[in-house]
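Undergrad: Below are the C-alpha cells for one structure; questions will follow.
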Amino acid sequence: MTKKDSQLQLGVLVSGQGSNLQAIINACEKKEIPAEVVVVISDQPDAQALTRAQDHHIPALTVERENFPNREAFEKEILRHLQHYRIDLVCLAGYMRLVGKTLLDPYPDRIMNIHPSLLPAFPGLDAQRQALEAKAKVTGCTVHFVDEQCDHGPIILQTKVEVLKNDTVETLSARILKEEHLLYPKAIGLIAKNMLDKKR
C-alpha cells in the first residue's frame with residue numbers, strides 16, 4: 001500500500017465534531033506521519049468536521065444517506081469520491097454508520113476505525129458508559145481494520161486507560177479521547193511506513 005515516492009493519500013469519513021480528524025490533520029501537517037488528508041466526506045451536512053477540513057483547505061463533501069434509495073447507492077457515491085481523489089487509506093473518524101461491501105471490497109484492509117474501548121470489550125454505542133456499568137478497572141481505545149460487523153475486524157493498536165473511582169462518562173471519555181488523538185495517527189503511520197506486520 002505504501003507509495004515509495006509520495007505520501008499516503010487519506011480519505012476521512014466523518015459524522016460529527018471531528019476531533020480525531022483534527023489530530024490526523026495535525027500529524028500530517030507536522031510531518032509526523034508520511035500521509036496527507038486529501039478529502040473529508042460527511043453523511044451529516046452540519047458536521048463540525050467539515051469546517052475543520054475547510055480550515056485546512058481540504059475538500060469537504062457531504063453525501064447524505066437520505067438522498068439515496070439504499071445503502072449500496074449511498075456507498076457507491078462515497079466510493080466515487082474516494083476513487084476520484086485516488087485514496088489509498090480510508091479512515092473512519094466519528095463516522096456513525098456501518099460500512100458495507102460496496103466500500104469494503106475495493107479497499108481490503110484499507111479502511112480503519114477508532115473505538116473508545118479495548119475491543120472486543122464494549123463494542124457499539126456508549127462504550128464509556130458500558131465500561132463504567134461493568135465496573136471495569138481498565139478500558140481504553142482501539143484502532144482496527146473495518147469489516148461488516150460493528151466495531152470488529154483485525155486490531156492494529158490499542159492503548160489502555162485506567163478507570164478511576166470517581167469517573168463519570170464525561171471524565172472517562174475525555175481521557176480516552178486524549179489517547180485516541182495520539183493512537184490514530186500512530187496507527188496510520190505504521191501503515192504509511194509499511195511497518196504494520198512488524199508490530200502485529
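Identifiers for the C-alpha cells are assigned positionally: chains receive A, B, ... in sequence, residues are indexed from 1 per chain, and ligands are indexed from 1 in the order shown.
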Excluding Lys135 of chain A and residues on its chain fewer than 5 positions from it, collect all residues at most 10 Å away from it, counting only C-alpha atoms, and give them as a ChimeraX atom specification.
TA: /A:129-130,163,165
Undergrad: Keeping only N, CA and C atoms, write the selected residues as a compact mmCIF listing (two decimals), in the first residue's frame.
TA:
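Final file, part24.txt:
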# COMPACT_ATOMS: atom_id res chain seq x y z
N ARG A 129 -19.79 4.42 28.86
CA ARG A 129 -20.84 4.09 29.83
C ARG A 129 -20.87 2.58 30.09
N GLN A 130 -20.70 1.80 29.04
CA GLN A 130 -20.64 0.35 29.20
C GLN A 130 -19.53 -0.05 30.16
N VAL A 163 -9.70 3.26 34.68
CA VAL A 163 -10.99 3.79 35.10
C VAL A 163 -10.87 4.19 36.57
N LYS A 165 -12.08 5.82 40.33
CA LYS A 165 -13.23 5.61 41.22
C LYS A 165 -14.35 6.63 40.97
Undergrad: Each residue of segment 12-125 of chain A with at least one atom at most 10 Å from segment 173-181 of chain A should appear once, together with its nearest atom pair and the corresponding distance in Å (one decimal); atoms considered: only C-alpha atoms; ordering: chain, then increasing residue number; output as CSV.
TA:
residue,atom,partner,partner_atom,distance
A:Ser19,CA,A:His181,CA,7.6
A:Asn20,CA,A:His181,CA,5.7
A:Leu21,CA,A:His181,CA,8.7
A:Gln22,CA,A:His181,CA,8.4
A:Ala23,CA,A:His181,CA,5.3
A:Ile24,CA,A:His181,CA,7.6
A:Asn26,CA,A:His181,CA,9.9
A:Ala27,CA,A:His181,CA,9.5
A:Ile114,CA,A:Glu180,CA,7.4
A:His115,CA,A:Glu180,CA,8.3
A:Pro116,CA,A:Ile176,CA,6.5
A:Ser117,CA,A:Ile176,CA,8.3
Undergrad: Write out as a ChimeraX atom specification all residues of chain A that DSSP puts in alpha helix (DSSP H) for this structure's backbone.
TA: /A:19-29,48-55,71-84,101-104,127-133,169-192,196-199
Undergrad: Neighbouring residues of Leu10 of chain A were defined as those with any atom within 8 Å, considering only C-alpha atoms; residues of the same chain fewer than 5 positions away were excluded. Please report them as a list in words.
TA: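 Here the answer would be Ala35, Glu36, Val37, Val38, Val39, Ile87, Asp88, Leu89, Val90 and Cys91 of chain A.
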Undergrad: Which neighbours of Asp55 of chain A fall inside 12 Å, counting only C-alpha atoms, when residues of the same chain fewer than 3 positions from it are skipped, and could you give them as an MDAnalysis selection string?
TA: chainID A and resid 22 25:26 40 48:52 58:60
Undergrad: Restricting the calculation to only C-alpha atoms, which member of A:Leu164, A:Val146, A:Ile78, A:Val14 is positioned closest to Pro108 of chain A?
TA: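 Closest to Pro108 of chain A, using only C-alpha atoms: A:Val146.
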Undergrad: Within 9 Å of Val99 of chain A, counting only C-alpha atoms, which residues qualify if same-chain residues fewer than 4 places away don't, as number ranges by chain?
TA: A: 75, 103-104, 146-150
Undergrad: Keeping only C-alpha atoms, write the selected residues to a file as a PDB file, in the first residue's frame.
TA:
ATOM      1  CA  GLU A  75     -21.818   3.950  -0.643  1.00  0.00           C
ATOM      2  CA  LEU A 103     -16.834   0.209   0.223  1.00  0.00           C
ATOM      3  CA  LEU A 104     -15.090  -2.756   1.830  1.00  0.00           C
ATOM      4  CA  VAL A 146     -13.105  -2.456   9.461  1.00  0.00           C
ATOM      5  CA  ASP A 147     -15.307  -5.344   8.397  1.00  0.00           C
ATOM      6  CA  GLU A 148     -19.080  -5.642   8.030  1.00  0.00           C
ATOM      7  CA  GLN A 149     -19.633  -6.161  11.763  1.00  0.00           C
ATOM      8  CA  CYS A 150     -19.867  -3.333  14.291  1.00  0.00           C
TER       9      CYS A 150
END
Undergrad: Quick one: pull the distance between atom CA of Gln17 of chain A and atom CA of Leu118 of chain A, Å, one decimal.
TA: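 Separation between atom CA of Gln17 of chain A and atom CA of Leu118 of chain A: 22.3 Å.
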Undergrad: Skip Ala73 of chain A itself and residues of its chain fewer than 6 positions away, then list as a ChimeraX atom specification all residues within 12 Å of it, counting only C-alpha atoms.
TA: /A:63-67,79-80,100-103
Undergrad: In Å to one decimal, how far is atom CA of Thr139 of chain A from atom CA of Asp43 of chain A?
TA: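 Distance reported for this atom pair: 28.9 Å.
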Undergrad: As a ChimeraX atom specification, please: the residues near Leu119 of chain A (cut-off 12 Å, only C-alpha atoms, same-chain neighbours under 3 positions excluded).
TA: /A:113-116,122-124,127,131,138-145,150-160
Undergrad: Calculate how many Å separate atom CA of Leu92 of chain A from atom CA of Lys137 of chain A, rounding to one decimal.
TA: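 Straight-line distance from atom CA of Leu92 of chain A to atom CA of Lys137 of chain A works out to 27.4 Å.
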Undergrad: Looking at A:Arg110, A:Ala136, A:Val12, A:Ser42, which one is nearest to Ala192 of chain A, with distances taken over only C-alpha atoms?
TA: A:Arg110
